[in-house]
file query_21.txt (compact mmCIF, C-alpha atoms)
# COMPACT_ATOMS: atom_id res chain seq x y z
CA MET I 99 -140.10 50.08 143.97
CA PRO I 100 -140.82 47.91 140.92
CA HIS I 101 -140.13 44.20 141.12
CA ILE I 102 -136.66 43.37 139.67
CA ILE I 103 -136.71 40.41 137.31
CA GLY I 104 -133.92 37.98 138.08
CA ASP I 105 -133.95 38.40 141.87
CA ARG I 106 -133.99 34.60 142.11
CA ILE I 107 -133.50 34.37 145.86
CA GLY I 108 -136.39 36.74 146.49
CA ASP I 109 -138.61 35.05 143.89
CA ARG I 110 -137.96 31.58 145.31
CA LYS I 111 -138.53 32.80 148.85
CA HIS I 112 -141.95 34.11 147.87
CA GLY I 113 -142.82 31.07 145.78
CA LEU I 114 -142.74 32.88 142.45
CA ILE I 115 -140.38 30.31 140.85
CA PRO I 116 -141.35 26.64 141.07
CA ARG I 117 -138.69 24.20 142.35
CA ALA I 118 -137.13 21.88 139.81
CA PRO I 119 -138.58 18.36 139.82
CA GLN I 120 -136.68 16.01 142.13
CA GLU I 121 -136.00 13.62 139.23
CA LEU I 122 -134.24 16.42 137.32
CA ILE I 123 -132.12 17.35 140.34
CA GLU I 124 -131.01 13.75 140.84
CA ARG I 125 -130.15 13.39 137.16
CA LEU I 126 -128.01 16.52 137.22
CA ASN I 127 -126.26 15.37 140.37
CA ARG I 128 -125.39 12.04 138.77
CA ALA I 129 -123.92 13.89 135.74
CA GLU I 130 -124.89 11.00 133.49
CA SER I 131 -123.26 10.53 130.11
CA PRO I 132 -125.36 9.87 127.00
CA LYS I 133 -124.95 6.15 127.69
CA GLY I 134 -126.26 6.55 131.23
CA LYS I 135 -122.89 5.94 132.93
CA LYS I 136 -121.79 7.99 135.90
CA LYS I 137 -119.10 10.55 135.29
CA LEU I 138 -115.74 9.38 136.61
CA PRO I 139 -114.54 11.34 139.64
CA GLU I 140 -111.51 13.55 139.19
CA GLU I 141 -109.13 11.16 140.91
CA HIS I 142 -109.71 8.62 138.12
CA ASP I 143 -108.84 11.07 135.35
CA THR I 144 -106.25 9.24 133.27
CA THR I 145 -104.81 12.30 131.56
CA SER I 146 -103.64 14.56 134.38
CA VAL I 147 -101.41 14.95 137.41
CA HIS I 148 -103.14 15.67 140.70
CA ASP I 149 -101.65 17.57 143.59
CA SER I 150 -101.94 16.57 147.25
CA ASP I 151 -100.18 18.02 150.26
CA ASP I 152 -97.44 15.37 150.37
CA PHE I 153 -97.41 13.77 146.93
CA TRP I 154 -98.45 14.00 143.30
CA THR I 155 -100.77 11.39 141.81
CA ILE I 156 -99.66 10.62 138.27
CA ASN I 157 -102.06 8.79 135.99
CA ASN I 158 -101.50 6.82 132.82
CA VAL I 159 -98.05 5.50 133.79
CA SER I 160 -97.07 2.70 131.38
CA TYR I 161 -95.01 0.14 133.27
CA ARG I 162 -94.39 -3.61 132.84
CA ASN I 163 -97.03 -4.09 130.13
CA GLY I 164 -99.67 -2.38 132.24
CA VAL I 165 -101.05 1.06 133.04
CA TYR I 166 -100.60 2.34 136.58
CA GLN I 167 -101.63 5.18 138.81
CA VAL I 168 -98.58 6.26 140.83
CA ASP I 169 -98.24 8.46 143.89
CA PHE I 170 -94.88 10.25 143.87
CA SER I 171 -93.70 11.67 147.18
CA LYS I 172 -92.82 15.36 147.39
CA SER I 173 -90.01 14.53 149.79
CA LEU I 174 -87.27 11.90 149.82
CA ILE I 175 -88.28 8.84 151.81
CA GLY I 176 -86.59 7.49 154.92
CA SER I 177 -86.48 11.06 156.27
CA GLY I 178 -84.07 11.87 153.43
CA ASN I 179 -81.41 9.59 154.89
CA GLU I 180 -78.91 7.50 152.92
CA LYS I 181 -79.05 3.71 152.75
CA LYS I 182 -77.47 0.86 150.85
CA GLN I 183 -79.55 -0.70 148.10
CA ASP I 184 -80.09 -3.84 150.22
CA ASP I 185 -81.44 -1.68 153.03
CA TRP I 186 -83.72 0.21 150.65
CA ALA I 187 -85.06 -3.15 149.48
CA ASP I 188 -85.88 -4.13 153.08
CA TYR I 189 -87.37 -0.70 153.73
CA SER I 190 -89.53 -0.97 150.61
CA GLU I 191 -90.91 -4.40 151.49
CA GLN I 192 -92.09 -3.09 154.85
CA ALA I 193 -93.47 0.10 153.30
CA ARG I 194 -95.53 -1.86 150.77
CA LYS I 195 -97.23 -3.78 153.59
CA ARG I 196 -98.48 -0.54 155.18
CA ASN I 197 -99.24 1.17 151.83
CA GLY I 198 -96.32 3.53 152.33
CA PHE I 199 -93.88 5.03 149.87
CA TYR I 200 -91.04 2.80 148.69
CA THR I 201 -88.09 2.71 146.30
CA GLY I 202 -88.95 1.82 142.72
CA ASP I 203 -86.82 0.10 140.11
CA MET I 204 -85.30 1.98 137.19
CA PRO I 205 -88.14 1.23 134.71
CA LEU I 206 -90.78 2.55 137.12
CA HIS I 207 -88.89 5.79 137.67
CA HIS I 208 -88.48 6.26 133.92
CA ALA I 209 -92.18 5.51 133.37
CA ILE I 210 -93.07 8.24 135.89
CA PHE I 211 -90.77 10.72 134.17
CA ALA I 212 -92.29 9.80 130.80
CA SER I 213 -95.84 10.36 132.07
CA LEU I 214 -94.91 13.72 133.56
CA TYR I 215 -93.27 14.68 130.26
CA SER I 216 -96.41 13.78 128.31
CA GLN I 217 -98.33 16.19 130.60
CA ARG I 218 -95.56 18.78 130.80
CA ASP I 219 -97.84 21.75 130.23
CA SER I 220 -99.54 21.27 133.59
CA PRO I 221 -98.26 23.24 136.60
CA GLN I 222 -98.20 20.03 138.66
CA SER I 223 -95.85 18.34 136.18
CA GLU I 224 -93.55 21.35 136.23
CA GLU I 225 -93.50 21.36 140.03
CA ALA I 226 -92.61 17.65 140.05
CA ARG I 227 -89.95 18.22 137.38
CA LYS I 228 -88.22 20.86 139.49
CA PHE I 229 -88.21 18.55 142.51
CA ILE I 230 -86.76 15.65 140.49
CA GLN I 231 -84.10 17.84 138.86
CA LYS I 232 -83.04 19.37 142.18
CA SER I 233 -82.82 15.95 143.84
CA MET I 234 -80.79 14.39 141.03
CA ARG I 235 -78.41 17.34 140.93
CA GLU I 236 -77.79 17.15 144.67
CA TYR I 237 -77.70 13.40 145.29
CA PHE I 238 -77.28 10.00 143.72
CA MET I 239 -80.91 8.83 143.54
CA THR I 240 -80.98 5.07 143.94
CA THR I 241 -83.28 2.49 142.39
CA LEU I 242 -83.96 -1.18 143.07
CA THR I 243 -82.30 -2.20 139.82
CA ARG I 244 -79.07 -4.19 140.06
CA ILE I 245 -76.79 -5.28 137.21
CA LEU I 246 -74.60 -8.37 137.34
CA TYR I 247 -72.01 -7.74 134.67
CA GLN I 248 -70.81 -11.04 133.20
CA PRO I 249 -67.35 -11.82 131.81
CA LYS I 250 -68.99 -13.80 128.99
CA GLY I 251 -72.40 -13.60 127.37
CA LYS I 252 -75.20 -11.22 128.31
CA ASP I 253 -75.38 -9.37 131.62
CA LYS I 254 -78.12 -10.03 134.17
CA ILE I 255 -80.45 -7.18 135.13
CA ILE I 256 -82.54 -7.56 138.29
CA HIS I 257 -85.47 -5.19 138.85
CA ASP I 258 -87.21 -4.71 142.22
CA TYR I 259 -84.13 -6.30 143.72
CA LYS I 260 -84.71 -8.38 146.89
CA THR I 261 -88.45 -7.68 147.01
CA SER I 262 -91.50 -9.84 146.42
CA ASP I 263 -91.77 -8.30 142.92
CA GLU I 264 -88.20 -9.17 141.91
CA HIS I 265 -87.79 -10.14 138.26
CA SER I 266 -84.80 -10.38 135.96
CA LEU I 267 -83.74 -10.47 132.33
CA GLU I 268 -80.55 -10.70 130.33
CA GLU I 269 -79.03 -8.14 127.98
CA ASN I 270 -75.66 -6.63 127.12
CA ILE I 271 -75.24 -3.55 129.31
CA SER I 272 -71.45 -3.22 129.49
CA GLY I 273 -69.78 -0.72 127.19
CA PRO I 274 -68.33 2.78 127.01
CA ASP I 275 -69.60 5.80 128.94
CA ARG I 276 -71.25 8.13 126.41
CA GLU I 277 -74.29 10.05 125.31
CA ILE I 278 -76.96 7.53 124.38
CA LYS I 279 -76.96 6.29 120.78
CA ASN I 280 -79.18 4.06 118.67
CA SER I 281 -76.82 1.15 119.31
CA ASP I 282 -77.69 1.43 123.03
CA SER I 283 -81.34 0.59 122.34
CA PRO I 284 -81.19 -3.03 123.63
CA ALA I 285 -79.49 -1.95 126.87
CA LEU I 286 -81.95 0.90 127.42
CA LYS I 287 -84.88 -1.42 126.76
CA ALA I 288 -83.62 -3.69 129.54
CA LEU I 289 -82.90 -0.81 131.92
CA LEU I 290 -85.79 1.59 131.27
CA GLY I 291 -88.44 -0.55 129.60
CA THR I 292 -88.23 1.32 126.30
CA ASP I 293 -85.78 1.54 123.39
CA ASP I 294 -87.14 4.76 121.89
CA ILE I 295 -83.89 6.77 121.89
CA GLN I 296 -85.50 9.95 120.61
CA LYS I 297 -88.23 9.94 123.25
CA ILE I 298 -85.75 9.06 126.04
CA SER I 299 -83.61 12.01 124.99
CA GLU I 300 -86.62 14.33 124.92
CA ILE I 301 -87.77 13.26 128.39
CA TYR I 302 -84.44 13.93 130.09
CA LYS I 303 -83.85 17.07 128.04
CA TRP I 304 -87.10 18.37 129.51
CA LEU I 305 -86.26 17.09 132.96
CA ASN I 306 -82.76 18.56 133.23
CA GLN I 307 -82.26 20.70 130.09
CA THR I 308 -79.26 18.53 129.12
CA PRO I 309 -78.34 15.49 127.00
CA THR I 310 -78.59 11.98 128.45
CA CYS I 311 -75.63 9.68 129.03
CA LEU I 312 -75.34 5.99 129.87
CA TRP I 313 -72.62 5.21 132.41
CA ARG I 314 -71.59 1.56 132.83
CA ILE I 315 -68.49 -0.64 133.03
CA LYS I 316 -66.56 -2.44 130.34
CA LYS I 317 -66.70 -6.22 130.08
CA PRO I 318 -65.22 -7.51 133.35
CA SER I 319 -62.89 -10.46 133.90
CA ASP I 320 -65.16 -11.68 136.75
CA VAL I 321 -68.81 -11.08 137.66
CA GLU I 322 -69.24 -7.48 138.84
CA GLU I 323 -72.37 -6.36 140.73
CA ARG I 324 -73.44 -2.73 140.40
CA ILE I 325 -76.60 -0.75 141.03
CA ALA I 326 -78.51 1.67 138.80
CA VAL I 327 -79.01 5.25 139.97
CA PHE I 328 -80.03 8.61 138.52
CA ILE I 329 -77.78 11.62 138.83
CA ALA I 330 -77.51 14.92 136.96
CA ASP I 331 -75.53 18.12 136.70
CA SER I 332 -75.62 21.18 134.46
CA ILE I 333 -73.95 19.22 131.65
CA ARG I 334 -75.90 15.95 131.42
CA VAL I 335 -78.24 13.39 133.01
CA TYR I 336 -76.50 10.15 133.90
CA LEU I 337 -78.26 6.81 133.70
CA ASN I 338 -75.58 5.52 136.01
CA CYS I 339 -75.21 1.73 136.04
CA ASN I 340 -71.80 1.44 137.66
CA ARG I 341 -72.56 2.43 141.28
CA TYR I 342 -71.19 0.04 143.91
CA PRO I 343 -73.82 -1.84 146.00
CA ASP I 344 -72.30 -0.88 149.36
CA VAL I 345 -72.52 2.89 148.85
CA LEU I 346 -75.14 4.99 150.65
CA ASP I 347 -77.69 6.81 148.49
CA ARG I 348 -81.04 8.58 148.84
CA SER I 349 -84.37 7.56 147.35
CA PHE I 350 -87.48 8.97 145.72
CA GLY I 351 -90.73 7.57 147.09
CA VAL I 352 -93.32 5.84 144.89
CA ARG I 353 -96.58 4.00 145.44
CA ALA I 354 -98.01 2.30 142.35
CA ARG I 355 -101.44 0.77 141.67
CA LYS I 356 -102.26 -1.09 138.48
CA ASN I 357 -105.44 0.14 136.77
call {"tool": "encode", "arguments": {"input": "query_21.txt", "output": "structure tokens"}}
result
Amino acid sequence: MPHIIGDRIGDRKHGLIPRAPQELIERLNRAESPKGKKKLPEEHDTTSVHDSDDFWTINNVSYRNGVYQVDFSKSLIGSGNEKKQDDWADYSEQARKRNGFYTGDMPLHHAIFASLYSQRDSPQSEEARKFIQKSMREYFMTTLTRILYQPKGKDKIIHDYKTSDEHSLEENISGPDREIKNSDSPALKALLGTDDIQKISEIYKWLNQTPTCLWRIKKPSDVEERIAVFIADSIRVYLNCNRYPDVLDRSFGVRARKN
């Protein structure tokens, strides 16, 4: 039988094809760029969503004037049980110490949704979207954002409430319940970290296939404390900022690392 050209295994076995120089093999393994830098491993890709058994890793999340990599749990934390916001704050402080999943504030949740939206063509983003939509349609999904509505002047917004990362700002949040408008930009900037009404609408339209509404209280006669939660139905997404602090709600799980 004539020798078949291209039978590489047979040729190498019989020494007909010389082995590649070791230097060439090492260079290929390093996958060097033209500048000699090593190729970044997949987990550091800043333009994609990665899938693990129990969570999605979402890159390029813009949050608090930084860029983060965020793990987003595929199940509700605390075994899916309900807790008050104060209890979620305590739970989250303990979870952070053991690198576990915790409750995020409203801007972090929105930043995650925005990053998923920007990568919405990926199957991982679509899988995460379905989980978020289902959760928000079934439950009030709490955050660690609390609003202290003031009878006079601007309201106080506290993010990462009762945690070591707690920070606050002041803005007018009180007003009518309605679909978000351009005049709501200052309130949305304080609550979500962005005042881009068009982009906010696009994100939640993608997330729930509905318009987005801001739910809050009117100017109170005394200081009123409320918490911010996400909820949705087949009609709209609610950025709900009038939930009472002593109610029991469920929580998404996040774990954020600044790049």
call {"tool": "closest_residue", "arguments": {"input": "query_21.txt", "among": "I:Gln217, I:Ile255, I:Leu312, I:Phe211", "to": "Ser281 of chain I", "atoms": "only C-alpha atoms"}}
result
I:Leu312
call {"tool": "closest_residue", "arguments": {"input": "query_21.txt", "among": "I:Tyr247, I:Tyr161, I:Phe238, I:Tyr200", "to": "Ile315 of chain I", "atoms": "only C-alpha atoms"}}
result
I:Tyr247
call {"tool": "closest_atom_pairs", "arguments": {"input": "query_21.txt", "of": "segment 214-324 of chain I", "to": "segment 330-348 of chain I", "cutoff": "12 Å", "atoms": "all atoms listed in the file", "output": "Markdown table"}}
result
| residue | atom | partner | partner_atom | distance |
| --- | --- | --- | --- | --- |
| I:Ile230 | CA | I:Ala330 | CA | 9.9 |
| I:Gln231 | CA | I:Ala330 | CA | 7.5 |
| I:Lys232 | CA | I:Ala330 | CA | 8.8 |
| I:Ser233 | CA | I:Ala330 | CA | 8.8 |
| I:Met234 | CA | I:Ala330 | CA | 5.3 |
| I:Arg235 | CA | I:Ala330 | CA | 4.7 |
| I:Glu236 | CA | I:Ala330 | CA | 8.0 |
| I:Tyr237 | CA | I:Arg348 | CA | 6.9 |
| I:Phe238 | CA | I:Asp347 | CA | 5.8 |
| I:Met239 | CA | I:Arg348 | CA | 5.3 |
| I:Thr240 | CA | I:Asp347 | CA | 5.9 |
| I:Thr241 | CA | I:Arg348 | CA | 9.1 |
| I:Leu242 | CA | I:Pro343 | CA | 10.6 |
| I:Thr243 | CA | I:Cys339 | CA | 8.9 |
| I:Arg244 | CA | I:Cys339 | CA | 8.1 |
| I:Ile245 | CA | I:Cys339 | CA | 7.3 |
| I:Leu246 | CA | I:Cys339 | CA | 10.2 |
| I:Tyr247 | CA | I:Asn340 | CA | 9.7 |
| I:Asp253 | CA | I:Cys339 | CA | 11.9 |
| I:Ile255 | CA | I:Cys339 | CA | 10.4 |
| I:Tyr259 | CA | I:Pro343 | CA | 11.5 |
| I:Ile271 | CA | I:Cys339 | CA | 8.6 |
| I:Ser272 | CA | I:Cys339 | CA | 9.0 |
| I:Gly273 | CA | I:Cys339 | CA | 10.7 |
| I:Pro274 | CA | I:Asn340 | CA | 11.3 |
| I:Asp275 | CA | I:Asn338 | CA | 9.3 |
| I:Arg276 | CA | I:Tyr336 | CA | 9.4 |
| I:Glu277 | CA | I:Arg334 | CA | 8.6 |
| I:Ile278 | CA | I:Leu337 | CA | 9.4 |
| I:Asp282 | CA | I:Leu337 | CA | 12.0 |
| I:Ala285 | CA | I:Cys339 | CA | 10.8 |
| I:Leu286 | CA | I:Leu337 | CA | 9.4 |
| I:Ala288 | CA | I:Cys339 | CA | 11.9 |
| I:Leu289 | CA | I:Cys339 | CA | 9.1 |
| I:Leu290 | CA | I:Leu337 | CA | 9.5 |
| I:Ile298 | CA | I:Leu337 | CA | 10.9 |
| I:Ser299 | CA | I:Val335 | CA | 9.7 |
| I:Glu300 | CA | I:Val335 | CA | 11.7 |
| I:Ile301 | CA | I:Val335 | CA | 10.6 |
| I:Tyr302 | CA | I:Val335 | CA | 6.9 |
| I:Lys303 | CA | I:Val335 | CA | 8.3 |
| I:Trp304 | CA | I:Val335 | CA | 10.7 |
| I:Leu305 | CA | I:Val335 | CA | 8.8 |
| I:Asn306 | CA | I:Val335 | CA | 6.9 |
| I:Gln307 | CA | I:Ser332 | CA | 8.0 |
| I:Thr308 | CA | I:Arg334 | CA | 4.8 |
| I:Pro309 | CA | I:Arg334 | CA | 5.1 |
| I:Thr310 | CA | I:Val335 | CA | 4.8 |
| I:Cys311 | CA | I:Tyr336 | CA | 5.0 |
| I:Leu312 | CA | I:Leu337 | CA | 4.9 |
| I:Trp313 | CA | I:Asn338 | CA | 4.7 |
| I:Arg314 | CA | I:Asn340 | CA | 4.8 |
| I:Ile315 | CA | I:Asn340 | CA | 6.1 |
| I:Lys316 | CA | I:Asn340 | CA | 9.8 |
| I:Lys317 | CA | I:Asn340 | CA | 11.9 |
| I:Pro318 | CA | I:Asn340 | CA | 11.9 |
| I:Glu322 | CA | I:Tyr342 | CA | 9.3 |
| I:Glu323 | CA | I:Pro343 | CA | 7.1 |
| I:Arg324 | CA | I:Tyr342 | CA | 5.0 |
call {"tool": "closest_residue", "arguments": {"input": "query_21.txt", "among": "I:Gly164, I:Arg196, I:His208, I:Tyr189", "to": "Gly176 of chain I", "atoms": "all atoms listed in the file"}}
result
I:Tyr189
call {"tool": "atom_distance", "arguments": {"input": "query_21.txt", "atom1": "atom CA of Asp294 of chain I", "atom2": "atom CA of Asp263 of chain I"}}
result
25.2 Å
call {"tool": "closest_residue", "arguments": {"input": "query_21.txt", "among": "I:Lys287, I:Lys228, I:His148, I:Arg353", "to": "Glu268 of chain I", "atoms": "all atoms listed in the file"}}
result
I:Lys287
call {"tool": "closest_residue", "arguments": {"input": "query_21.txt", "among": "I:Ser213, I:Val147, I:Thr261, I:Gln222", "to": "Ala193 of chain I", "atoms": "only C-alpha atoms"}}
result
I:Thr261
call {"tool": "axis_aligned_box", "arguments": {"input": "query_21.txt", "around": "segment 163-167 of chain I", "padding_each_side": "6 Å", "output": "JSON"}}
result
{"center_x": -99.3, "center_y": 0.5, "center_z": 134.5, "size_x": 16.6, "size_y": 21.3, "size_z": 20.7}
call {"tool": "residues_around", "arguments": {"input": "query_21.txt", "residues": "Arg162 of chain I", "least_positions_apart": "3", "cutoff": "12 Å", "atoms": "only C-alpha atoms", "output": "PyMOL selection string"}}
result
chain I and resi 159+165-166+203-209+257-258+263+265+287-292+354+356
call {"tool": "closest_residue", "arguments": {"input": "query_21.txt", "among": "I:Glu269, I:Glu180, I:Glu224, I:Asp169", "to": "Gly351 of chain I", "atoms": "all atoms listed in the file"}}
result
I:Asp169
call {"tool": "atom_distance", "arguments": {"input": "query_21.txt", "atom1": "atom CA of Leu174 of chain I", "atom2": "atom CA of Asn357 of chain I"}}
result
25.3 Å
call {"tool": "atom_distance", "arguments": {"input": "query_21.txt", "atom1": "atom CA of Ser160 of chain I", "atom2": "atom CA of Ile210 of chain I"}}
result
8.2 Å
call {"tool": "residues_around", "arguments": {"input": "query_21.txt", "residues": "Asp188 of chain I", "least_positions_apart": "3", "cutoff": "8 Å", "atoms": "all atoms listed in the file", "output": "PyMOL selection string"}}
result
chain I and resi 184-185+191-192+260-261
